[in-house]
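A quick write-up on the structure given underneath.
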Amino acid sequence: MSDDTLRLEPLVVPASLDDAGAGPFLEYVRLDNAVCRDDTGHDGLEKDAAEVWGFWRAREDWEHIGVRAVRDGRTLGVCAMTVSTAPGTATMEYDLVVDPGAWGDGVEEALAQAAEDEARSRGLRSLHTWTLHRPDAPGPAVVPSTGFGTAPVEHRHVRLLTGRGYSLEQVERTSAFDLHGSFEAVERLLAEALPHVGPDYRREQWGARTPDAYVDAFAHAISRMSTDAPQGGLDIEEQHWDAERVRRREKRLADQGLTTSVAAVIHEPTGAVAAYNELAIGGDGSGVTQQYGTLVLREHRGRRLGTIVKADNLLRWRTIAPLSPRVTTFNAEENRPMLSINEALGFVPVSYAGAWKLTLA
């Protein structure tokens, strides 16, 4: 007998992906990838199950809460919530993953309400969530508080969030670089940038484990991502990173089955990681590469360090993951300096993401 009742159930993270009860989690991963493809028109945001499972299993720095919407034994959607374990945390973020065929039947409303209820039960101040859009989305658009980029008014997810009182605070561009194409621009831009660096800076590269000599400086550089990168009108809380947290992160990335590469520039007089770029890929290395982050610390800008770390890592990546077809990266639409570097290197826009905020009473 079928059961047409919509039920919300916890999404249980299995002890292993081979467990008999791993089915709902695996279905969540499948559905998430399918929704990303439907919204963007490309597969550049896909993750394999081991990568997602390893992320959910790591709970030292973030708490993960999952709720799935089930009808007649079928998972129609999942709300994946993440909240920092740092004292004084006031913001929660969540992803809303709903089967496009089930949209409009109460699933998305129930899951969004679950996220808002969870945040309020914790006494948090605000919620962040995201929408994905194709570059050629037609019709009228919502403009974020930054004034850069847009989100299509008639997109189903945008209609949901605007109807629930969320505000669009930032638009990010997803860009892709063809790893099987020409690297002429990469090599040329690197050669042109190097004379601008000066004698106080040294280029370095490493893989899965940060060298002990740089781990403290790398921790500081990662922490600066929460203060130095453009955040629009989002409530981004400053993150604390130290060597121990870097080592925890490295273990988590390994548990996710990820291969990583970091290109950095070291400021010799202070030992600071003045700039870095990080690339990662899961599985057998034949999928799409993700850029995890690029940052030039404010006090070291103006020396083309962003171009150097990006170019260094792209050139190195050809030997690390030769089967990967492309790299995808996110950048805020107001971050013109970094977008200009990407465009010059050969990155092209493939989709957009809207960052939304709900201020809780």
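Scheme for the structure tokens: letters A, B, ... for chains in order shown; per-chain residue numbers from 1; ligand numbers from 1 in order shown.
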Please report, as a CSV table (one decimal) with N, CA and C atoms, in the first residue's frame, each residue of segment 90-324 of chain A to which DSSP assigns helix (DSSP H, G or I) when run on this structure's backbone.
```csv
chain,number,residue,atom,x,y,z
A,100,PRO,N,13.6,18.2,-8.8
A,100,PRO,CA,12.8,19.2,-9.5
A,100,PRO,C,11.4,18.8,-9.8
A,101,GLY,N,11.2,17.5,-10.0
A,101,GLY,CA,9.8,17.0,-10.2
A,101,GLY,C,8.9,17.0,-9.0
A,102,ALA,N,9.5,17.2,-7.8
A,102,ALA,CA,8.7,17.3,-6.6
A,102,ALA,C,8.5,18.7,-6.1
A,107,VAL,N,7.4,20.1,-0.6
A,107,VAL,CA,8.7,19.5,-0.1
A,107,VAL,C,9.6,20.6,0.3
A,108,GLU,N,9.8,21.6,-0.7
A,108,GLU,CA,10.8,22.6,-0.4
A,108,GLU,C,10.4,23.5,0.8
A,109,GLU,N,9.1,23.8,0.9
A,109,GLU,CA,8.6,24.6,2.0
A,109,GLU,C,8.9,23.9,3.4
A,110,ALA,N,8.6,22.6,3.4
A,110,ALA,CA,8.8,21.8,4.6
A,110,ALA,C,10.3,21.8,5.0
A,111,LEU,N,11.2,21.6,4.0
A,111,LEU,CA,12.6,21.5,4.4
A,111,LEU,C,13.2,22.9,4.7
A,112,ALA,N,12.7,24.0,4.0
A,112,ALA,CA,13.2,25.3,4.4
A,112,ALA,C,12.7,25.6,5.8
A,113,GLN,N,11.5,25.3,6.2
A,113,GLN,CA,11.0,25.5,7.5
A,113,GLN,C,11.8,24.7,8.6
A,114,ALA,N,12.2,23.5,8.2
A,114,ALA,CA,13.0,22.7,9.1
A,114,ALA,C,14.3,23.4,9.4
A,115,ALA,N,15.0,24.0,8.4
A,115,ALA,CA,16.2,24.8,8.6
A,115,ALA,C,16.0,26.0,9.5
A,116,GLU,N,14.9,26.7,9.2
A,116,GLU,CA,14.6,27.9,10.0
A,116,GLU,C,14.3,27.6,11.5
A,117,ASP,N,13.6,26.5,11.7
A,117,ASP,CA,13.3,26.0,13.0
A,117,ASP,C,14.5,25.6,13.8
A,118,GLU,N,15.4,24.9,13.1
A,118,GLU,CA,16.7,24.5,13.7
A,118,GLU,C,17.5,25.6,14.1
A,119,ALA,N,17.6,26.7,13.3
A,119,ALA,CA,18.4,27.8,13.6
A,119,ALA,C,17.8,28.6,14.8
A,120,ARG,N,16.5,28.7,14.8
A,120,ARG,CA,15.8,29.5,15.9
A,120,ARG,C,16.0,28.7,17.2
A,121,SER,N,15.9,27.4,17.1
A,121,SER,CA,16.0,26.6,18.3
A,121,SER,C,17.4,26.7,19.0
A,156,ARG,N,12.6,28.7,-9.6
A,156,ARG,CA,11.8,28.2,-8.6
A,156,ARG,C,12.4,28.4,-7.2
A,157,HIS,N,13.7,28.2,-7.1
A,157,HIS,CA,14.3,28.4,-5.8
A,157,HIS,C,14.4,29.8,-5.3
A,158,VAL,N,14.6,30.7,-6.3
A,158,VAL,CA,14.5,32.2,-6.0
A,158,VAL,C,13.1,32.6,-5.5
A,159,ARG,N,12.1,32.1,-6.2
A,159,ARG,CA,10.7,32.4,-5.7
A,159,ARG,C,10.5,31.9,-4.3
A,160,LEU,N,11.0,30.8,-4.0
A,160,LEU,CA,10.8,30.2,-2.6
A,160,LEU,C,11.4,31.2,-1.6
A,161,LEU,N,12.7,31.6,-1.8
A,161,LEU,CA,13.4,32.3,-0.8
A,161,LEU,C,12.9,33.8,-0.7
A,162,THR,N,12.6,34.4,-1.8
A,162,THR,CA,12.0,35.8,-1.7
A,162,THR,C,10.7,35.7,-1.0
A,163,GLY,N,9.9,34.7,-1.3
A,163,GLY,CA,8.6,34.5,-0.6
A,163,GLY,C,8.7,34.3,0.9
A,184,GLU,N,49.2,28.4,-23.1
A,184,GLU,CA,50.0,29.5,-23.5
A,184,GLU,C,49.8,30.7,-22.7
A,185,ALA,N,48.5,31.1,-22.4
A,185,ALA,CA,48.3,32.3,-21.6
A,185,ALA,C,48.7,32.1,-20.2
A,186,VAL,N,48.6,30.9,-19.6
A,186,VAL,CA,49.1,30.7,-18.3
A,186,VAL,C,50.6,30.9,-18.2
A,187,GLU,N,51.3,30.3,-19.1
A,187,GLU,CA,52.8,30.4,-19.1
A,187,GLU,C,53.2,31.9,-19.3
A,188,ARG,N,52.5,32.6,-20.2
A,188,ARG,CA,52.9,34.0,-20.5
A,188,ARG,C,52.6,34.9,-19.4
A,189,LEU,N,51.5,34.7,-18.7
A,189,LEU,CA,51.1,35.6,-17.6
A,189,LEU,C,52.0,35.4,-16.4
A,190,LEU,N,52.4,34.1,-16.2
A,190,LEU,CA,53.3,33.8,-15.1
A,190,LEU,C,54.7,34.5,-15.4
A,191,ALA,N,55.2,34.4,-16.6
A,191,ALA,CA,56.5,35.0,-16.9
A,191,ALA,C,56.4,36.6,-16.8
A,192,GLU,N,55.2,37.1,-17.1
A,192,GLU,CA,55.1,38.6,-17.0
A,192,GLU,C,54.9,39.0,-15.5
A,193,ALA,N,54.4,38.2,-14.7
A,193,ALA,CA,54.1,38.5,-13.3
A,193,ALA,C,55.4,38.4,-12.4
A,194,LEU,N,56.3,37.5,-12.7
A,194,LEU,CA,57.4,37.2,-11.8
A,194,LEU,C,58.3,38.5,-11.6
A,195,PRO,N,58.6,39.3,-12.6
A,195,PRO,CA,59.4,40.5,-12.3
A,195,PRO,C,58.8,41.5,-11.3
A,196,HIS,N,57.5,41.4,-11.0
A,196,HIS,CA,56.9,42.3,-10.1
A,196,HIS,C,56.9,41.9,-8.7
A,212,ASP,N,55.9,21.4,7.8
A,212,ASP,CA,55.9,21.9,9.2
A,212,ASP,C,56.3,23.3,9.3
A,213,ALA,N,57.2,23.7,8.4
A,213,ALA,CA,57.8,25.1,8.4
A,213,ALA,C,56.7,26.1,8.1
A,214,TYR,N,55.6,25.7,7.4
A,214,TYR,CA,54.6,26.6,6.9
A,214,TYR,C,53.3,26.5,7.5
A,215,VAL,N,53.1,25.5,8.4
A,215,VAL,CA,51.7,25.1,8.8
A,215,VAL,C,51.1,26.2,9.6
A,216,ASP,N,51.8,26.9,10.4
A,216,ASP,CA,51.2,28.0,11.2
A,216,ASP,C,50.9,29.2,10.3
A,217,ALA,N,51.7,29.5,9.4
A,217,ALA,CA,51.5,30.6,8.4
A,217,ALA,C,50.3,30.3,7.5
A,218,PHE,N,50.2,29.0,7.1
A,218,PHE,CA,49.1,28.6,6.3
A,218,PHE,C,47.8,28.7,7.0
A,219,ALA,N,47.8,28.3,8.3
A,219,ALA,CA,46.6,28.4,9.1
A,219,ALA,C,46.1,29.9,9.2
A,220,HIS,N,47.1,30.8,9.3
A,220,HIS,CA,46.7,32.2,9.4
A,220,HIS,C,46.1,32.7,8.0
A,221,ALA,N,46.7,32.2,7.0
A,221,ALA,CA,46.2,32.6,5.6
A,221,ALA,C,44.8,32.1,5.4
A,222,ILE,N,44.5,30.8,5.8
A,222,ILE,CA,43.2,30.3,5.7
A,222,ILE,C,42.2,31.1,6.5
A,223,SER,N,42.6,31.5,7.7
A,223,SER,CA,41.7,32.3,8.5
A,223,SER,C,41.4,33.6,7.9
A,224,ARG,N,42.3,34.2,7.1
A,224,ARG,CA,42.1,35.5,6.5
A,224,ARG,C,41.0,35.4,5.4
A,225,MET,N,40.7,34.2,4.9
A,225,MET,CA,39.7,34.1,3.9
A,225,MET,C,38.3,34.6,4.4
A,226,SER,N,38.1,34.5,5.8
A,226,SER,CA,36.9,34.9,6.3
A,226,SER,C,36.8,36.4,6.6
A,227,THR,N,38.0,37.1,6.4
A,227,THR,CA,38.0,38.6,6.6
A,227,THR,C,38.5,39.3,5.4
A,228,ASP,N,39.3,38.7,4.5
A,228,ASP,CA,39.8,39.5,3.4
A,228,ASP,C,39.1,39.3,2.1
A,243,ALA,N,47.6,25.4,13.7
A,243,ALA,CA,48.3,24.2,13.1
A,243,ALA,C,47.4,23.0,13.3
A,244,GLU,N,46.9,22.8,14.5
A,244,GLU,CA,46.1,21.6,14.8
A,244,GLU,C,44.9,21.5,13.8
A,245,ARG,N,44.2,22.7,13.6
A,245,ARG,CA,43.1,22.6,12.7
A,245,ARG,C,43.5,22.3,11.3
A,246,VAL,N,44.6,22.8,10.8
A,246,VAL,CA,45.1,22.5,9.5
A,246,VAL,C,45.3,21.0,9.4
A,247,ARG,N,45.9,20.4,10.4
A,247,ARG,CA,46.2,18.9,10.4
A,247,ARG,C,44.8,18.2,10.4
A,248,ARG,N,43.8,18.6,11.1
A,248,ARG,CA,42.5,18.0,11.1
A,248,ARG,C,41.9,18.1,9.7
A,249,ARG,N,42.1,19.2,9.1
A,249,ARG,CA,41.5,19.4,7.7
A,249,ARG,C,42.2,18.5,6.7
A,250,GLU,N,43.5,18.3,6.9
A,250,GLU,CA,44.3,17.5,6.0
A,250,GLU,C,43.8,16.0,6.1
A,251,LYS,N,43.6,15.6,7.4
A,251,LYS,CA,43.0,14.2,7.6
A,251,LYS,C,41.7,14.1,6.9
A,252,ARG,N,40.8,15.1,7.1
A,252,ARG,CA,39.5,15.0,6.5
A,252,ARG,C,39.5,14.9,5.0
A,253,LEU,N,40.4,15.7,4.4
A,253,LEU,CA,40.5,15.7,2.9
A,253,LEU,C,41.0,14.3,2.5
A,254,ALA,N,41.9,13.7,3.2
A,254,ALA,CA,42.4,12.4,2.9
A,254,ALA,C,41.3,11.3,3.1
A,255,ASP,N,40.5,11.5,4.1
A,255,ASP,CA,39.4,10.6,4.3
A,255,ASP,C,38.3,10.7,3.2
A,298,ARG,N,45.8,41.0,2.3
A,298,ARG,CA,45.6,42.4,1.9
A,298,ARG,C,47.0,43.2,1.9
A,299,GLU,N,47.8,42.9,2.9
A,299,GLU,CA,49.0,43.7,3.0
A,299,GLU,C,50.1,43.3,1.9
A,300,HIS,N,49.8,42.2,1.2
A,300,HIS,CA,50.7,41.8,0.1
A,300,HIS,C,50.2,41.9,-1.3
A,305,LEU,N,50.7,38.5,-7.1
A,305,LEU,CA,50.8,37.2,-6.4
A,305,LEU,C,49.6,36.3,-6.7
A,306,GLY,N,48.4,36.8,-7.0
A,306,GLY,CA,47.3,36.0,-7.3
A,306,GLY,C,47.5,35.3,-8.6
A,307,THR,N,48.1,36.0,-9.6
A,307,THR,CA,48.4,35.4,-10.9
A,307,THR,C,49.4,34.3,-10.7
A,308,ILE,N,50.4,34.6,-9.9
A,308,ILE,CA,51.5,33.6,-9.7
A,308,ILE,C,51.0,32.3,-9.1
A,309,VAL,N,50.2,32.4,-8.0
A,309,VAL,CA,49.8,31.1,-7.4
A,309,VAL,C,48.8,30.3,-8.3
A,310,LYS,N,48.0,31.1,-9.0
A,310,LYS,CA,47.0,30.4,-9.9
A,310,LYS,C,47.8,29.7,-11.0
A,311,ALA,N,48.7,30.4,-11.6
A,311,ALA,CA,49.4,29.9,-12.8
A,311,ALA,C,50.3,28.7,-12.3
A,312,ASP,N,51.0,28.9,-11.2
A,312,ASP,CA,51.9,27.8,-10.7
A,312,ASP,C,51.1,26.5,-10.5
A,313,ASN,N,49.9,26.6,-9.9
A,313,ASN,CA,49.1,25.4,-9.6
A,313,ASN,C,48.5,24.8,-10.8
A,314,LEU,N,48.1,25.6,-11.8
A,314,LEU,CA,47.5,25.0,-13.0
A,314,LEU,C,48.6,24.3,-13.7
A,315,LEU,N,49.8,24.8,-13.8
A,315,LEU,CA,50.9,24.1,-14.5
A,315,LEU,C,51.3,22.8,-13.8
A,316,ARG,N,51.3,22.9,-12.5
A,316,ARG,CA,51.6,21.7,-11.7
A,316,ARG,C,50.5,20.6,-11.8
A,317,TRP,N,49.3,21.1,-11.9
A,317,TRP,CA,48.1,20.2,-11.9
A,317,TRP,C,48.1,19.3,-13.1
A,318,ARG,N,48.7,19.7,-14.2
A,318,ARG,CA,48.7,18.9,-15.4
A,318,ARG,C,49.4,17.5,-15.2
A,319,THR,N,50.3,17.5,-14.3
A,319,THR,CA,51.0,16.2,-14.0
A,319,THR,C,50.3,15.5,-12.9
A,320,ILE,N,49.6,16.2,-12.0
A,320,ILE,CA,49.0,15.5,-10.9
A,320,ILE,C,47.7,14.8,-11.3
```
Nearby residues (only C-alpha atoms) at most 8 Å from Ala353 of chain A, same-chain spacing under 3 positions excluded, as a PyMOL selection string:
chain A and resi 130-133+151+171-174
Using DSSP on the backbone coordinates, identify all residues within segment 11-259 of chain A classified as strand (DSSP E or B); present the result as a ChimeraX atom specification.
/A:62-71,74-84,91-98,126-133,141-142,151-152,167-178,201-206,259
Closest pair table for segment 256-361 of chain A residues within 12 Å of segment 94-99 of chain A, only C-alpha atoms, as a tab-separated table:
```
residue	atom	partner	partner_atom	distance
A:Gly354	CA	A:Asp95	CA	12.0
A:Ala355	CA	A:Asp95	CA	10.9
A:Trp356	CA	A:Tyr94	CA	10.4
A:Lys357	CA	A:Tyr94	CA	10.6
A:Leu358	CA	A:Tyr94	CA	11.4
```
Dump as a tab-separated table the rows for residues of segment 227-333 of chain A within 12 Å of segment 124-129 of chain A: closest atom pair and distance in Å with one decimal, only C-alpha atoms counted, ordered by chain and rising residue number.
```
residue	atom	partner	partner_atom	distance
A:Gln231	CA	A:His128	CA	11.8
A:Gly233	CA	A:His128	CA	10.7
A:Leu234	CA	A:His128	CA	7.5
A:Asp235	CA	A:Ser126	CA	7.4
A:Ile236	CA	A:His128	CA	9.6
A:Glu237	CA	A:Ser126	CA	11.2
```
For N, CA and C atoms, I'd like the residues from the last selection saved as a tab-separated table (two decimals), in the first residue's frame.
```tsv
chain	number	residue	atom	x	y	z
A	231	GLN	N	32.54	39.53	0.91
A	231	GLN	CA	31.47	38.75	1.52
A	231	GLN	C	30.10	39.36	1.27
A	233	GLY	N	26.77	41.20	1.72
A	233	GLY	CA	26.04	41.50	2.95
A	233	GLY	C	25.84	40.30	3.85
A	234	LEU	N	26.62	39.24	3.62
A	234	LEU	CA	26.49	38.04	4.45
A	234	LEU	C	27.11	38.25	5.82
A	235	ASP	N	26.60	37.52	6.80
A	235	ASP	CA	27.13	37.60	8.16
A	235	ASP	C	28.24	36.55	8.31
A	236	ILE	N	29.42	36.86	7.78
A	236	ILE	CA	30.54	35.93	7.83
A	236	ILE	C	31.32	36.15	9.13
A	237	GLU	N	31.38	35.12	9.93
A	237	GLU	CA	32.07	35.20	11.21
A	237	GLU	C	33.55	34.86	11.03
```
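Omitting Pro325 of chain A and its sequence neighbours fewer than 2 positions away, and counting only C-alpha atoms, the residues within 9 Å are Phe177, Asp178, Leu179, His180, Ser286, Gly287, Val288, Thr289, Pro322, Leu323 and Val327 of chain A.
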